[in-house]
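Enquirer: For reference, the file run.cif (mmCIF, C-alpha atoms) is included below:
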data_input
#
loop_
_atom_site.group_PDB
_atom_site.id
_atom_site.type_symbol
_atom_site.label_atom_id
_atom_site.label_comp_id
_atom_site.auth_asym_id
_atom_site.auth_seq_id
_atom_site.Cartn_x
_atom_site.Cartn_y
_atom_site.Cartn_z
ATOM 1 C CA MET K 33 -117.904 269.390 112.854
ATOM 2 C CA ALA K 34 -121.427 269.702 114.265
ATOM 3 C CA SER K 35 -124.139 269.967 111.672
ATOM 4 C CA THR K 36 -126.590 272.846 111.640
ATOM 5 C CA ARG K 37 -130.261 272.391 111.668
ATOM 6 C CA THR K 38 -132.578 274.645 109.647
ATOM 7 C CA ASN K 39 -136.305 274.207 109.789
ATOM 8 C CA GLY K 40 -135.692 270.905 111.479
ATOM 9 C CA ARG K 41 -133.399 269.569 108.670
ATOM 10 C CA ILE K 42 -129.698 268.851 108.840
ATOM 11 C CA GLN K 43 -127.691 270.803 106.259
ATOM 12 C CA PRO K 44 -124.723 268.648 105.105
ATOM 13 C CA GLN K 45 -123.354 271.347 102.732
ATOM 14 C CA MET K 46 -121.389 273.089 105.440
ATOM 15 C CA LYS K 47 -119.630 269.869 106.417
ATOM 16 C CA LYS K 48 -118.748 269.128 102.768
ATOM 17 C CA ALA K 49 -117.424 272.642 102.213
ATOM 18 C CA SER K 50 -115.333 272.464 105.347
ATOM 19 C CA SER K 51 -113.811 269.148 104.251
ATOM 20 C CA LEU K 52 -112.850 270.597 100.868
ATOM 21 C CA GLY K 53 -111.335 273.628 102.531
ATOM 22 C CA ILE K 54 -109.181 271.471 104.820
ATOM 23 C CA ALA K 55 -107.994 269.390 101.851
ATOM 24 C CA ALA K 56 -107.049 272.499 99.897
ATOM 25 C CA PHE K 57 -105.151 273.875 102.895
ATOM 26 C CA LEU K 58 -103.170 270.633 103.244
ATOM 27 C CA LEU K 59 -102.288 270.607 99.542
ATOM 28 C CA LEU K 60 -101.034 274.195 99.640
ATOM 29 C CA SER K 61 -99.072 273.744 102.857
ATOM 30 C CA CYS K 62 -97.158 270.695 101.552
ATOM 31 C CA GLY K 63 -96.488 272.157 98.091
ATOM 32 C CA CYS K 64 -98.533 269.446 96.383
ATOM 33 C CA SER K 65 -100.624 270.000 93.306
ATOM 34 C CA SER K 66 -103.396 268.201 91.596
ATOM 35 C CA PRO K 67 -102.234 265.466 89.187
ATOM 36 C CA TYR K 68 -104.526 266.973 86.575
ATOM 37 C CA ARG K 69 -103.063 270.446 86.741
ATOM 38 C CA GLY K 70 -101.694 271.599 83.400
ATOM 39 C CA ARG K 71 -102.367 268.265 81.757
ATOM 40 C CA GLY K 72 -101.834 268.578 77.987
ATOM 41 C CA LEU K 73 -100.247 272.046 78.279
ATOM 42 C CA VAL K 74 -96.671 271.156 79.197
ATOM 43 C CA THR K 75 -94.323 270.962 76.163
ATOM 44 C CA PRO K 76 -91.317 268.707 76.633
ATOM 45 C CA ALA K 77 -87.920 270.381 76.184
ATOM 46 C CA GLN K 78 -86.579 270.069 72.654
ATOM 47 C CA PRO K 79 -82.883 269.359 72.038
ATOM 48 C CA GLN K 80 -81.001 272.330 70.622
ATOM 49 C CA GLN K 81 -79.894 272.037 67.028
ATOM 50 C CA ASP K 82 -76.478 273.290 65.943
ATOM 51 C CA SER K 83 -76.814 276.432 63.848
ATOM 52 C CA LYS K 84 -75.082 276.589 60.477
ATOM 53 C CA PRO K 85 -71.963 278.782 60.230
ATOM 54 C CA SER K 86 -72.598 282.225 58.829
ATOM 55 C CA ALA K 87 -70.661 283.859 56.011
ATOM 56 C CA CYS K 88 -67.153 285.112 56.702
ATOM 57 C CA THR K 89 -66.541 288.838 56.625
ATOM 58 C CA ALA K 90 -63.478 290.514 55.175
ATOM 59 C CA LEU K 91 -62.108 290.831 58.718
ATOM 60 C CA ASP K 92 -62.243 287.046 59.154
ATOM 61 C CA ILE K 93 -60.279 286.193 56.004
ATOM 62 C CA ALA K 94 -56.762 286.778 54.691
ATOM 63 C CA LEU K 95 -55.988 286.364 50.986
ATOM 64 C CA SER K 96 -52.630 285.287 49.592
ATOM 65 C CA PHE K 97 -51.288 283.988 46.279
ATOM 66 C CA ASP K 98 -48.888 281.050 46.262
ATOM 67 C CA SER K 99 -46.769 280.427 43.155
ATOM 68 C CA ALA K 100 -45.820 276.985 44.552
ATOM 69 C CA ASP K 101 -42.155 277.447 43.565
ATOM 70 C CA GLY K 102 -42.963 277.764 39.874
ATOM 71 C CA GLU K 103 -45.320 274.770 39.744
ATOM 72 C CA PHE K 104 -47.535 276.569 37.209
ATOM 73 C CA ASN K 105 -44.771 277.968 34.997
ATOM 74 C CA GLY K 106 -44.407 276.481 31.534
ATOM 75 C CA MET K 107 -44.118 277.443 27.888
ATOM 76 C CA SER K 108 -45.969 280.791 27.830
ATOM 77 C CA HIS K 109 -48.117 279.691 30.765
ATOM 78 C CA SER K 110 -48.189 280.591 34.460
ATOM 79 C CA GLY K 111 -50.452 280.580 37.472
ATOM 80 C CA ALA K 112 -50.763 280.522 41.247
ATOM 81 C CA TYR K 113 -52.874 279.197 44.079
ATOM 82 C CA LEU K 114 -55.446 281.573 45.512
ATOM 83 C CA VAL K 115 -55.472 280.893 49.269
ATOM 84 C CA LEU K 116 -58.150 282.046 51.716
ATOM 85 C CA THR K 117 -57.301 281.627 55.409
ATOM 86 C CA ASN K 118 -59.631 282.114 58.359
ATOM 87 C CA ILE K 119 -57.754 284.436 60.724
ATOM 88 C CA GLY K 120 -60.831 285.088 62.862
ATOM 89 C CA LEU K 121 -62.101 283.444 66.040
ATOM 90 C CA ARG K 122 -65.203 281.741 64.633
ATOM 91 C CA THR K 123 -66.065 279.135 62.030
ATOM 92 C CA CYS K 124 -67.557 280.721 58.921
ATOM 93 C CA THR K 125 -68.051 280.121 55.200
ATOM 94 C CA VAL K 126 -66.528 281.470 51.972
ATOM 95 C CA PRO K 127 -67.820 281.136 48.400
ATOM 96 C CA ARG K 128 -66.753 277.984 46.589
ATOM 97 C CA ARG K 129 -65.792 280.091 43.553
ATOM 98 C CA PRO K 130 -65.125 283.656 44.699
ATOM 99 C CA GLN K 131 -65.188 286.373 42.064
ATOM 100 C CA ILE K 132 -61.664 287.591 41.294
ATOM 101 C CA THR K 133 -60.751 291.075 40.098
ATOM 102 C CA TRP K 134 -57.217 291.920 38.978
ATOM 103 C CA LEU K 135 -55.804 295.388 39.679
ATOM 104 C CA ASP K 136 -52.902 297.280 38.189
ATOM 105 C CA ILE K 137 -50.294 299.269 40.079
ATOM 106 C CA THR K 138 -52.723 302.201 40.393
ATOM 107 C CA ASN K 139 -55.464 299.941 41.836
ATOM 108 C CA ALA K 140 -57.492 300.254 38.633
ATOM 109 C CA PRO K 141 -59.392 297.077 37.641
ATOM 110 C CA LEU K 142 -58.046 295.149 34.663
ATOM 111 C CA ASN K 143 -60.029 293.524 31.887
ATOM 112 C CA ALA K 144 -59.107 289.897 32.596
ATOM 113 C CA GLN K 145 -62.004 287.533 33.125
ATOM 114 C CA ALA K 146 -62.275 283.992 34.469
ATOM 115 C CA ASP K 147 -63.358 281.333 31.999
ATOM 116 C CA THR K 148 -66.774 279.877 32.770
ATOM 117 C CA PRO K 149 -66.452 276.096 33.229
ATOM 118 C CA LYS K 150 -68.778 273.836 31.260
ATOM 119 C CA GLY K 151 -72.114 273.416 32.988
ATOM 120 C CA MET K 152 -71.643 276.595 35.032
ATOM 121 C CA HIS K 153 -73.833 279.039 33.074
ATOM 122 C CA PRO K 154 -75.752 279.616 35.273
ATOM 123 C CA GLY K 155 -74.741 276.187 36.499
ATOM 124 C CA PRO K 156 -75.466 274.305 39.715
ATOM 125 C CA VAL K 157 -75.643 275.925 43.114
ATOM 126 C CA LEU K 158 -72.213 275.670 44.741
ATOM 127 C CA THR K 159 -72.146 274.968 48.456
ATOM 128 C CA PRO K 160 -69.813 277.303 50.375
ATOM 129 C CA VAL K 161 -66.581 276.146 51.974
ATOM 130 C CA VAL K 162 -66.623 275.972 55.780
ATOM 131 C CA LEU K 163 -63.439 277.289 57.395
ATOM 132 C CA ALA K 164 -62.627 276.842 61.064
ATOM 133 C CA PRO K 165 -60.235 279.338 62.676
ATOM 134 C CA GLY K 166 -56.729 278.835 61.310
ATOM 135 C CA LYS K 167 -57.902 276.713 58.366
ATOM 136 C CA SER K 168 -57.406 277.483 54.677
ATOM 137 C CA ALA K 169 -58.890 276.669 51.297
ATOM 138 C CA ARG K 170 -57.161 277.130 47.963
ATOM 139 C CA SER K 171 -57.989 277.312 44.285
ATOM 140 C CA ALA K 172 -55.629 276.787 41.355
ATOM 141 C CA LEU K 173 -55.467 279.669 38.875
ATOM 142 C CA ARG K 174 -53.864 279.305 35.431
ATOM 143 C CA TRP K 175 -53.341 281.731 32.566
ATOM 144 C CA VAL K 176 -51.395 282.387 29.371
ATOM 145 C CA SER K 177 -48.431 284.638 30.098
ATOM 146 C CA GLY K 178 -46.910 284.966 26.611
ATOM 147 C CA GLU K 179 -47.972 286.434 23.296
ATOM 148 C CA VAL K 180 -49.051 283.248 21.554
ATOM 149 C CA TYR K 181 -52.061 284.571 19.639
ATOM 150 C CA ASP K 182 -52.219 286.203 16.229
ATOM 151 C CA HIS K 183 -53.605 289.312 17.876
ATOM 152 C CA ASN K 184 -52.527 289.596 21.501
ATOM 153 C CA THR K 185 -53.628 291.704 24.404
ATOM 154 C CA CYS K 186 -51.946 291.493 27.818
ATOM 155 C CA VAL K 187 -52.360 293.099 31.227
ATOM 156 C CA ASN K 188 -49.828 293.492 34.019
ATOM 157 C CA VAL K 189 -51.307 292.502 37.374
ATOM 158 C CA ALA K 190 -50.142 294.071 40.633
ATOM 159 C CA LYS K 191 -52.895 292.863 42.978
ATOM 160 C CA GLY K 192 -55.801 290.475 43.116
ATOM 161 C CA THR K 193 -59.114 290.846 44.916
ATOM 162 C CA ALA K 194 -61.447 288.019 45.975
ATOM 163 C CA LYS K 195 -65.075 288.896 46.644
ATOM 164 C CA LEU K 196 -66.729 287.336 49.699
ATOM 165 C CA ASP K 197 -70.384 287.342 50.675
ATOM 166 C CA GLN K 198 -69.539 290.159 53.088
ATOM 167 C CA GLY K 199 -66.746 292.331 51.741
ATOM 168 C CA GLU K 200 -63.614 291.561 49.760
ATOM 169 C CA VAL K 201 -59.950 290.848 50.445
ATOM 170 C CA THR K 202 -56.866 291.899 48.469
ATOM 171 C CA ALA K 203 -53.291 290.652 48.174
ATOM 172 C CA PRO K 204 -50.303 291.490 45.947
ATOM 173 C CA LEU K 205 -49.448 289.398 42.904
ATOM 174 C CA GLN K 206 -47.012 290.131 40.086
ATOM 175 C CA ALA K 207 -48.329 288.500 36.921
ATOM 176 C CA ARG K 208 -48.835 289.002 33.206
ATOM 177 C CA ILE K 209 -52.055 287.642 31.741
ATOM 178 C CA CYS K 210 -52.533 287.495 27.965
ATOM 179 C CA GLY K 211 -55.317 286.553 25.610
ATOM 180 C CA ASP K 212 -56.702 286.943 22.151
ATOM 181 C CA ALA K 213 -57.529 290.550 21.394
ATOM 182 C CA THR K 214 -61.068 289.653 20.342
ATOM 183 C CA VAL K 215 -62.020 288.254 23.770
ATOM 184 C CA GLY K 216 -59.387 289.764 26.072
ATOM 185 C CA PRO K 217 -57.143 288.097 28.643
ATOM 186 C CA ARG K 218 -58.678 285.026 30.277
ATOM 187 C CA PHE K 219 -57.709 282.768 33.160
ATOM 188 C CA GLU K 220 -58.821 279.403 34.507
ATOM 189 C CA GLN K 221 -60.179 279.224 38.053
ATOM 190 C CA GLN K 222 -60.785 275.952 39.864
ATOM 191 C CA LEU K 223 -63.165 275.556 42.804
ATOM 192 C CA LEU K 224 -61.890 276.203 46.305
ATOM 193 C CA GLN K 225 -60.824 273.066 48.156
ATOM 194 C CA PRO K 226 -60.335 272.963 51.951
ATOM 195 C CA GLN K 227 -56.799 272.232 53.126
ATOM 196 C CA GLY K 228 -56.334 269.631 55.848
ATOM 197 C CA GLN K 229 -53.500 271.283 57.711
ATOM 198 C CA THR K 230 -53.680 274.322 59.949
ATOM 199 C CA ALA K 231 -52.316 277.233 57.976
ATOM 200 C CA ALA K 232 -50.505 280.208 59.380
ATOM 201 C CA PRO K 233 -52.466 283.442 58.968
ATOM 202 C CA ALA K 234 -51.410 285.173 55.775
ATOM 203 C CA GLY K 235 -50.265 288.657 56.588
ATOM 204 C CA SER K 236 -50.188 289.828 53.009
ATOM 205 C CA GLY K 237 -53.958 290.059 52.565
ATOM 206 C CA ASN K 238 -55.798 293.269 53.366
ATOM 207 C CA ALA K 239 -59.531 293.491 53.999
ATOM 208 C CA LYS K 240 -61.604 296.152 52.308
#
Could I get this file's structure written as structure tokens?
Expert:
Amino acid sequence: MASTRTNGRIQPQMKKASSLGIAAFLLLSCGCSSPYRGRGLVTPAQPQQDSKPSACTALDIALSFDSADGEFNGMSHSGAYLVLTNIGLRTCTVPRRPQITWLDITNAPLNAQADTPKGMHPGPVLTPVVLAPGKSARSALRWVSGEVYDHNTCVNVAKGTAKLDQGEVTAPLQARICGDATVGPRFEQQLLQPQGQTAAPAGSGNAK
């Protein structure tokens, strides 16, 4: 490009500006960008972390009681397995030691409390049980079924309810739980343990 002359002096600025303009045009037309563009501002993609399963709702879980063909029956003693089965479509969690309430034939709650294991008052934090769809966890329940105390008190159970983090589930159970009249009927409740096999959905449990 010819230079311009002002007051007898050559002005190189126009030539320099034109060269920069041509370079910018070439960069834009070829889709190129400056190697310094955005330096220090680009954050590399982070790998996604698997989210923890959320708590099961009452619609995800079916409750049933399994007498295990009389496995718990003995001299004035009885019991059953409490079984929680994931009948939903997602993996979720249930309490390791769900609160159990016994009901009579009129659905009224009964005064029969679970014994508190040693070291569990308030005890350690219990991690929940993770249940995939179709999987189950069970807990052994044991109680005195006969009048073996000097002063007895007994209740006749028609149903049992297990409390979840989100709702509760109920299933029928015919049982007689006895205890000393001074403390009332008591029962032993073990922690829920996951079962390895795929369990069939229990149809006897009803969500509330």
Enquirer: I need the output of the PyMOL selection byres ((chain K and resi 108) around 9) for this file as number ranges by chain; which residues are they?
Expert: K: 105-107, 109-110, 175-180
Enquirer: Report as a PyMOL selection string the residues that result from applying the PyMOL selection byres ((chain K and resi 202) around 12) to the structure here.
Expert: chain K and resi 90-91+93-97+114-116+131-135+139+190-196+199-201+203-205+234-240
Enquirer: Limited to C-alpha atoms, could you put the picked residues into a file as a compact mmCIF listing (two decimals), keeping the file's coordinate frame?
Expert:
# COMPACT_ATOMS: atom_id res chain seq x y z
CA ALA K 90 -63.48 290.51 55.18
CA LEU K 91 -62.11 290.83 58.72
CA ILE K 93 -60.28 286.19 56.00
CA ALA K 94 -56.76 286.78 54.69
CA LEU K 95 -55.99 286.36 50.99
CA SER K 96 -52.63 285.29 49.59
CA PHE K 97 -51.29 283.99 46.28
CA LEU K 114 -55.45 281.57 45.51
CA VAL K 115 -55.47 280.89 49.27
CA LEU K 116 -58.15 282.05 51.72
CA GLN K 131 -65.19 286.37 42.06
CA ILE K 132 -61.66 287.59 41.29
CA THR K 133 -60.75 291.08 40.10
CA TRP K 134 -57.22 291.92 38.98
CA LEU K 135 -55.80 295.39 39.68
CA ASN K 139 -55.46 299.94 41.84
CA ALA K 190 -50.14 294.07 40.63
CA LYS K 191 -52.90 292.86 42.98
CA GLY K 192 -55.80 290.48 43.12
CA THR K 193 -59.11 290.85 44.92
CA ALA K 194 -61.45 288.02 45.98
CA LYS K 195 -65.08 288.90 46.64
CA LEU K 196 -66.73 287.34 49.70
CA GLY K 199 -66.75 292.33 51.74
CA GLU K 200 -63.61 291.56 49.76
CA VAL K 201 -59.95 290.85 50.44
CA ALA K 203 -53.29 290.65 48.17
CA PRO K 204 -50.30 291.49 45.95
CA LEU K 205 -49.45 289.40 42.90
CA ALA K 234 -51.41 285.17 55.78
CA GLY K 235 -50.26 288.66 56.59
CA SER K 236 -50.19 289.83 53.01
CA GLY K 237 -53.96 290.06 52.56
CA ASN K 238 -55.80 293.27 53.37
CA ALA K 239 -59.53 293.49 54.00
CA LYS K 240 -61.60 296.15 52.31
Enquirer: Taking (-73.4, 284.3, 48.7) in the file's own coordinates, collect the residues within 8 Å, counting only C-alpha atoms, and hand them back as number ranges by chain.
Expert: K: 87, 127, 196-197
Enquirer: Just checking: using only C-alpha atoms, which residue out of K:Arg128, K:Arg174, K:Arg122, K:His183 ends up closest to Pro226 of chain K?
Expert: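 Once distances to Pro226 of chain K are computed over only C-alpha atoms, the minimum belongs to K:Arg128.
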Enquirer: Using Å and a single decimal, report how far atom CA of Asp212 of chain K sits from atom CA of Val187 of chain K.
Expert: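 So the two atoms, atom CA of Val187 of chain K and atom CA of Asp212 of chain K, lie 11.8 Å apart.
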